[in-house]
file upload.cif (mmCIF, C-alpha atoms, pLDDT in the B column; chains and numbers go by the auth columns)
data_entry
loop_
_atom_site.group_PDB
_atom_site.id
_atom_site.type_symbol
_atom_site.label_atom_id
_atom_site.label_comp_id
_atom_site.label_asym_id
_atom_site.label_seq_id
_atom_site.Cartn_x
_atom_site.Cartn_y
_atom_site.Cartn_z
_atom_site.B_iso_or_equiv
_atom_site.auth_seq_id
_atom_site.auth_asym_id
ATOM 1 C CA MET A 1 0.000 0.000 0.000 48.00 11 G
ATOM 2 C CA ALA A 2 2.919 2.331 0.682 49.00 12 G
ATOM 3 C CA SER A 3 4.090 1.928 -2.888 51.00 13 G
ATOM 4 C CA ASP A 4 0.705 3.158 -4.201 53.00 14 G
ATOM 5 C CA THR A 5 0.914 6.467 -2.300 51.00 15 G
ATOM 6 C CA THR A 6 4.603 7.070 -2.929 54.00 16 G
ATOM 7 C CA PRO A 7 4.200 8.381 -6.507 58.00 17 G
ATOM 8 C CA VAL A 8 1.385 10.726 -5.437 53.00 18 G
ATOM 9 C CA PHE A 9 3.376 11.913 -2.425 55.00 19 G
ATOM 10 C CA SER A 10 6.533 12.512 -4.513 57.00 20 G
ATOM 11 C CA LYS A 11 4.534 14.459 -7.104 56.00 21 G
ATOM 12 C CA GLN A 12 3.147 16.702 -4.363 60.00 22 G
ATOM 13 C CA VAL A 13 6.607 17.214 -2.881 50.00 23 G
ATOM 14 C CA LEU A 14 8.023 18.000 -6.314 52.00 24 G
ATOM 15 C CA LEU A 15 5.204 20.460 -6.983 50.00 25 G
ATOM 16 C CA TRP A 16 5.779 22.225 -3.651 49.00 26 G
ATOM 17 C CA LEU A 17 9.523 22.318 -4.295 45.00 27 G
ATOM 18 C CA VAL A 18 8.968 24.020 -7.664 49.00 28 G
ATOM 19 C CA VAL A 19 6.533 26.527 -6.146 47.00 29 G
ATOM 20 C CA VAL A 20 8.901 27.375 -3.286 42.00 30 G
ATOM 21 C CA CYS A 21 11.887 27.777 -5.617 46.00 31 G
ATOM 22 C CA GLN A 22 9.914 30.081 -7.901 48.00 32 G
ATOM 23 C CA SER A 23 8.634 32.108 -4.947 45.00 33 G
ATOM 24 C CA VAL A 24 12.150 32.562 -3.569 41.00 34 G
ATOM 25 C CA SER A 25 13.368 33.639 -7.018 45.00 35 G
ATOM 26 C CA VAL A 26 10.536 36.153 -7.385 46.00 36 G
ATOM 27 C CA MET A 27 11.031 37.543 -3.876 49.00 37 G
ATOM 28 C CA ALA A 28 14.768 37.923 -4.482 53.00 38 G
ATOM 29 C CA CYS A 29 14.066 39.867 -7.673 72.00 39 G
ATOM 30 C CA SER A 30 11.397 42.149 -6.291 68.00 40 G
ATOM 31 C CA GLY A 31 13.335 44.696 -4.256 74.00 41 G
ATOM 32 C CA THR A 32 16.575 44.795 -6.227 85.00 42 G
ATOM 33 C CA TYR A 33 14.947 44.543 -9.643 86.00 43 G
ATOM 34 C CA GLU A 34 12.512 47.318 -8.864 87.00 44 G
ATOM 35 C CA TYR A 35 15.320 49.574 -7.640 88.00 45 G
ATOM 36 C CA VAL A 36 17.505 48.930 -10.710 88.00 46 G
ATOM 37 C CA ILE A 37 14.772 49.590 -13.274 89.00 47 G
ATOM 38 C CA GLU A 38 13.727 52.740 -11.415 89.00 48 G
ATOM 39 C CA GLU A 39 17.273 54.102 -11.277 89.00 49 G
ATOM 40 C CA PHE A 40 18.706 52.925 -14.570 88.00 50 G
ATOM 41 C CA CYS A 41 15.843 52.539 -17.041 91.00 51 G
ATOM 42 C CA LEU A 42 13.560 55.286 -15.771 91.00 52 G
ATOM 43 C CA GLY A 43 16.459 57.746 -15.476 89.00 53 G
ATOM 44 C CA LYS A 44 17.292 57.411 -19.185 90.00 54 G
ATOM 45 C CA PHE A 45 13.627 57.543 -20.165 93.00 55 G
ATOM 46 C CA ARG A 46 13.118 60.737 -18.152 91.00 56 G
ATOM 47 C CA LEU A 47 16.055 62.377 -19.926 91.00 57 G
ATOM 48 C CA ASP A 48 14.693 61.313 -23.312 90.00 58 G
ATOM 49 C CA MET A 49 11.223 62.642 -22.501 90.00 59 G
ATOM 50 C CA GLU A 50 12.601 65.940 -21.158 90.00 60 G
ATOM 51 C CA GLU A 51 14.274 66.501 -24.536 90.00 61 G
ATOM 52 C CA LEU A 52 10.811 66.367 -26.135 86.00 62 G
ATOM 53 C CA ASP A 53 8.353 69.189 -25.800 83.00 63 G
ATOM 54 C CA GLN A 54 5.595 68.046 -23.419 80.00 64 G
ATOM 55 C CA HIS A 55 2.997 68.631 -26.164 79.00 65 G
ATOM 56 C CA ARG A 56 4.718 65.934 -28.260 82.00 66 G
ATOM 57 C CA TRP A 57 4.521 63.214 -25.582 84.00 67 G
ATOM 58 C CA CYS A 58 1.340 61.877 -27.203 83.00 68 G
ATOM 59 C CA SER A 59 2.972 61.612 -30.609 82.00 69 G
ATOM 60 C CA TRP A 60 3.836 57.955 -31.112 79.00 70 G
ATOM 61 C CA GLU A 61 6.374 58.837 -33.805 83.00 71 G
ATOM 62 C CA ASP A 62 8.305 60.958 -31.279 86.00 72 G
ATOM 63 C CA THR A 63 8.083 58.577 -28.310 88.00 73 G
ATOM 64 C CA VAL A 64 8.344 55.130 -29.915 88.00 74 G
ATOM 65 C CA GLU A 65 12.139 55.019 -29.669 92.00 75 G
ATOM 66 C CA PRO A 66 12.483 56.045 -25.991 93.00 76 G
ATOM 67 C CA TYR A 67 9.531 53.788 -25.072 93.00 77 G
ATOM 68 C CA GLY A 68 11.088 50.852 -26.907 93.00 78 G
ATOM 69 C CA GLU A 69 14.421 51.471 -25.167 94.00 79 G
ATOM 70 C CA LEU A 70 12.635 51.555 -21.806 94.00 80 G
ATOM 71 C CA THR A 71 10.924 48.239 -22.541 94.00 81 G
ATOM 72 C CA ASN A 72 14.182 46.643 -23.668 94.00 82 G
ATOM 73 C CA CYS A 73 15.967 47.980 -20.590 93.00 83 G
ATOM 74 C CA THR A 74 13.479 46.355 -18.221 92.00 84 G
ATOM 75 C CA TYR A 75 13.777 43.103 -20.185 93.00 85 G
ATOM 76 C CA LEU A 76 17.587 43.048 -20.238 92.00 86 G
ATOM 77 C CA ILE A 77 17.840 43.788 -16.530 90.00 87 G
ATOM 78 C CA ALA A 78 15.358 40.997 -15.769 89.00 88 G
ATOM 79 C CA LEU A 79 17.433 38.680 -17.941 89.00 89 G
ATOM 80 C CA LYS A 80 20.691 39.619 -16.182 89.00 90 G
ATOM 81 C CA MET A 81 19.132 39.290 -12.724 88.00 91 G
ATOM 82 C CA ASP A 82 17.495 35.963 -13.625 87.00 92 G
ATOM 83 C CA CYS A 83 14.006 37.373 -13.014 86.00 93 G
ATOM 84 C CA PHE A 84 10.849 36.626 -14.949 85.00 94 G
ATOM 85 C CA TRP A 85 9.771 39.170 -17.555 86.00 95 G
ATOM 86 C CA PRO A 86 7.125 40.481 -17.764 83.00 96 G
ATOM 87 C CA ASN A 87 6.203 40.359 -14.137 86.00 97 G
ATOM 88 C CA ARG A 88 4.039 42.239 -11.654 88.00 98 G
ATOM 89 C CA LEU A 89 6.764 44.825 -11.007 88.00 99 G
ATOM 90 C CA VAL A 90 7.144 45.578 -14.710 89.00 100 G
ATOM 91 C CA ASP A 91 3.371 45.938 -15.057 91.00 101 G
ATOM 92 C CA GLU A 92 3.195 48.357 -12.122 91.00 102 G
ATOM 93 C CA PHE A 93 6.242 50.231 -13.439 92.00 103 G
ATOM 94 C CA PHE A 94 4.656 50.787 -16.866 92.00 104 G
ATOM 95 C CA ILE A 95 1.324 51.765 -15.313 93.00 105 G
ATOM 96 C CA ARG A 96 3.148 54.512 -13.392 93.00 106 G
ATOM 97 C CA ILE A 97 4.917 55.580 -16.610 93.00 107 G
ATOM 98 C CA HIS A 98 1.606 55.818 -18.463 89.00 108 G
ATOM 99 C CA LYS A 99 -0.105 57.692 -15.646 90.00 109 G
ATOM 100 C CA HIS A 100 2.674 60.274 -15.577 89.00 110 G
ATOM 101 C CA TYR A 101 3.606 60.721 -19.244 88.00 111 G
ATOM 102 C CA PHE A 102 0.655 59.512 -21.317 85.00 112 G
ATOM 103 C CA HIS A 103 -2.461 60.198 -19.216 81.00 113 G
ATOM 104 C CA ASP A 104 -3.799 62.830 -21.655 77.00 114 G
ATOM 105 C CA CYS A 105 -3.223 60.772 -24.797 79.00 115 G
ATOM 106 C CA SER A 106 -5.898 59.037 -26.834 70.00 116 G
ATOM 107 C CA LEU A 107 -5.981 55.249 -27.139 66.00 117 G
ATOM 108 C CA SER A 108 -4.608 55.421 -30.686 61.00 118 G
ATOM 109 C CA GLY A 109 -1.483 57.181 -29.448 53.00 119 G
ATOM 110 C CA ARG A 110 -2.135 60.187 -31.628 57.00 120 G
ATOM 111 C CA LEU A 111 -2.321 63.708 -30.371 55.00 121 G
ATOM 112 C CA LEU A 112 -5.934 64.870 -30.129 59.00 122 G
ATOM 113 C CA ARG A 113 -6.704 67.985 -32.186 69.00 123 G
ATOM 114 C CA ASP A 114 -9.427 69.367 -34.415 75.00 124 G
ATOM 115 C CA PRO A 115 -9.320 68.393 -38.080 78.00 125 G
ATOM 116 C CA PRO A 116 -8.435 71.101 -40.611 84.00 126 G
ATOM 117 C CA ASN A 117 -11.209 73.490 -41.708 86.00 127 G
ATOM 118 C CA ARG A 118 -11.337 72.004 -45.224 87.00 128 G
ATOM 119 C CA ILE A 119 -12.459 68.714 -43.662 84.00 129 G
ATOM 120 C CA LEU A 120 -14.512 70.080 -40.767 84.00 130 G
ATOM 121 C CA GLY A 121 -16.363 72.681 -42.914 86.00 131 G
ATOM 122 C CA PRO A 122 -18.408 70.253 -45.022 87.00 132 G
ATOM 123 C CA PHE A 123 -19.479 68.341 -41.897 86.00 133 G
ATOM 124 C CA ILE A 124 -20.968 71.583 -40.560 90.00 134 G
ATOM 125 C CA VAL A 125 -22.274 73.225 -43.752 90.00 135 G
ATOM 126 C CA VAL A 126 -23.920 70.211 -45.463 90.00 136 G
ATOM 127 C CA PRO A 127 -26.374 69.360 -42.621 92.00 137 G
ATOM 128 C CA ILE A 128 -27.346 73.033 -42.328 93.00 138 G
ATOM 129 C CA LEU A 129 -28.008 73.270 -46.079 92.00 139 G
ATOM 130 C CA VAL A 130 -29.980 70.000 -46.117 92.00 140 G
ATOM 131 C CA THR A 131 -32.108 71.240 -43.200 93.00 141 G
ATOM 132 C CA LEU A 132 -32.815 74.558 -44.953 93.00 142 G
ATOM 133 C CA LEU A 133 -33.558 72.800 -48.254 94.00 143 G
ATOM 134 C CA MET A 134 -35.983 70.334 -46.624 93.00 144 G
ATOM 135 C CA THR A 135 -37.728 73.180 -44.787 93.00 145 G
ATOM 136 C CA ALA A 136 -38.104 75.152 -48.038 92.00 146 G
ATOM 137 C CA LEU A 137 -39.370 72.030 -49.823 92.00 147 G
ATOM 138 C CA VAL A 138 -42.019 71.355 -47.140 91.00 148 G
ATOM 139 C CA VAL A 139 -43.183 74.998 -47.194 90.00 149 G
ATOM 140 C CA TRP A 140 -43.294 75.073 -51.001 88.00 150 G
ATOM 141 C CA ARG A 141 -45.163 71.751 -51.157 87.00 151 G
ATOM 142 C CA SER A 142 -47.664 72.838 -48.506 85.00 152 G
ATOM 143 C CA LYS A 143 -48.459 76.037 -50.453 83.00 153 G
ATOM 144 C CA ARG A 144 -49.023 74.109 -53.697 78.00 154 G
ATOM 145 C CA SER A 145 -51.411 71.649 -52.092 68.00 155 G
ATOM 146 C CA GLU A 146 -53.616 74.403 -50.527 61.00 156 G
ATOM 147 C CA GLY A 147 -55.462 74.977 -53.767 57.00 157 G
ATOM 148 C CA MET A 148 -56.128 71.286 -54.346 58.00 158 G
ATOM 149 C CA VAL A 149 -58.934 69.531 -52.529 52.00 159 G
#
call {"tool": "encode", "arguments": {"input": "upload.cif", "output": "structure tokens"}}
result
Amino acid sequence: MASDTTPVFSKQVLLWLVVVCQSVSVMACSGTYEYVIEEFCLGKFRLDMEELDQHRWCSWEDTVEPYGELTNCTYLIALKMDCFWPNRLVDEFFIRIHKHYFHDCSLSGRLLRDPPNRILGPFIVVPILVTLLMTALVVWRSKRSEGMV
């Protein structure tokens, strides 16, 4: 009977051993990894973003390179420190980045602004003209049908 429970018991022990090893690895990465990405990666990203005018932070064309370098930096540091990537710390790190630098940006990454007048004009003028034309048509038609019974 002991031989029947041994494989189940060893599987449970092996599972717990894997979980404990992973937990120790994650806990070892948390404090140091977070500090290194804050100091090294974020420092460079801040310098890159300060070089840009704040109004251009929402322009993907202007920020794609510094953002890509920031992502690669967090990945390379995780690789060197034998940490998982992405992980909870990286997610929280990028959420803070987005809240600080990109909170006013649209989901498409483009800077929000009004379209040029040559595009906006027809969207304003055409409905007004159609409304006036329909009103004139109703009035004209109602006057013509007054004489008919």
call {"tool": "resolve_selection", "arguments": {"input": "upload.cif", "expression": "the PyMOL selection byres ((chain G and resi 73) around 12)", "output": "PDB file with C-alpha atoms, in the coordinates of the input"}}
result
ATOM      1  CA  PHE G  55      13.627  57.543 -20.165  1.00 93.00           C
ATOM      2  CA  ARG G  56      13.118  60.737 -18.152  1.00 91.00           C
ATOM      3  CA  ASP G  58      14.693  61.313 -23.312  1.00 90.00           C
ATOM      4  CA  MET G  59      11.223  62.642 -22.501  1.00 90.00           C
ATOM      5  CA  GLU G  60      12.601  65.940 -21.158  1.00 90.00           C
ATOM      6  CA  GLU G  61      14.274  66.501 -24.536  1.00 90.00           C
ATOM      7  CA  LEU G  62      10.811  66.367 -26.135  1.00 86.00           C
ATOM      8  CA  ASP G  63       8.353  69.189 -25.800  1.00 83.00           C
ATOM      9  CA  GLN G  64       5.595  68.046 -23.419  1.00 80.00           C
ATOM     10  CA  HIS G  65       2.997  68.631 -26.164  1.00 79.00           C
ATOM     11  CA  ARG G  66       4.718  65.934 -28.260  1.00 82.00           C
ATOM     12  CA  TRP G  67       4.521  63.214 -25.582  1.00 84.00           C
ATOM     13  CA  CYS G  68       1.340  61.877 -27.203  1.00 83.00           C
ATOM     14  CA  SER G  69       2.972  61.612 -30.609  1.00 82.00           C
ATOM     15  CA  TRP G  70       3.836  57.955 -31.112  1.00 79.00           C
ATOM     16  CA  GLU G  71       6.374  58.837 -33.805  1.00 83.00           C
ATOM     17  CA  ASP G  72       8.305  60.958 -31.279  1.00 86.00           C
ATOM     18  CA  VAL G  74       8.344  55.130 -29.915  1.00 88.00           C
ATOM     19  CA  GLU G  75      12.139  55.019 -29.669  1.00 92.00           C
ATOM     20  CA  PRO G  76      12.483  56.045 -25.991  1.00 93.00           C
ATOM     21  CA  TYR G  77       9.531  53.788 -25.072  1.00 93.00           C
ATOM     22  CA  GLY G  78      11.088  50.852 -26.907  1.00 93.00           C
ATOM     23  CA  GLU G  79      14.421  51.471 -25.167  1.00 94.00           C
ATOM     24  CA  LEU G  80      12.635  51.555 -21.806  1.00 94.00           C
ATOM     25  CA  TYR G 111       3.606  60.721 -19.244  1.00 88.00           C
ATOM     26  CA  PHE G 112       0.655  59.512 -21.317  1.00 85.00           C
ATOM     27  CA  GLY G 119      -1.483  57.181 -29.448  1.00 53.00           C
ATOM     28  CA  ARG G 120      -2.135  60.187 -31.628  1.00 57.00           C
ATOM     29  CA  LEU G 121      -2.321  63.708 -30.371  1.00 55.00           C
TER      30      LEU G 121
END
call {"tool": "residues_around", "arguments": {"input": "upload.cif", "residues": "region 84-99 of chain G", "least_positions_apart": "3", "cutoff": "7 Å", "atoms": "only C-alpha atoms", "output": "list in words"}}
result
Val36, Cys39, Glu44, Ile47, Cys51, Leu80, Thr81, Glu102 and Phe103 of chain G
call {"tool": "write_last_selection", "arguments": {"input": "upload.cif", "atoms": "C-alpha atoms", "output": "short mmCIF file (atom, residue, chain, number, x, y, z; two decimals), in the coordinates of the input"}}
result
data_model
loop_
_atom_site.label_atom_id
_atom_site.label_comp_id
_atom_site.auth_asym_id
_atom_site.auth_seq_id
_atom_site.Cartn_x
_atom_site.Cartn_y
_atom_site.Cartn_z
CA VAL G 36 10.54 36.15 -7.38
CA CYS G 39 14.07 39.87 -7.67
CA GLU G 44 12.51 47.32 -8.86
CA ILE G 47 14.77 49.59 -13.27
CA CYS G 51 15.84 52.54 -17.04
CA LEU G 80 12.64 51.56 -21.81
CA THR G 81 10.92 48.24 -22.54
CA GLU G 102 3.20 48.36 -12.12
CA PHE G 103 6.24 50.23 -13.44
#
call {"tool": "atom_distance", "arguments": {"input": "upload.cif", "atom1": "CA of Ile107 (chain G)", "atom2": "CA of Gly53 (chain G)"}}
result
11.8 Å
call {"tool": "axis_aligned_box", "arguments": {"input": "upload.cif", "around": "region 50-56 of chain G", "padding_each_side": "5 Å", "output": "JSON"}}
result
{"center_x": 15.9, "center_y": 56.6, "center_z": -17.4, "size_x": 15.6, "size_y": 18.2, "size_z": 15.6}
call {"tool": "atom_distance", "arguments": {"input": "upload.cif", "atom1": "CA of His108 (chain G)", "atom2": "CA of Gly41 (chain G)"}}
result
21.5 Å
call {"tool": "atom_distance", "arguments": {"input": "upload.cif", "atom1": "CA of Leu52 (chain G)", "atom2": "CA of Asn82 (chain G)"}}
result
11.7 Å
call {"tool": "closest_residue", "arguments": {"input": "upload.cif", "among": "G:Arg154, G:Val149, G:Glu48, G:Ile134", "to": "Val100 (chain G)", "atoms": "only C-alpha atoms"}}
result
G:Glu48
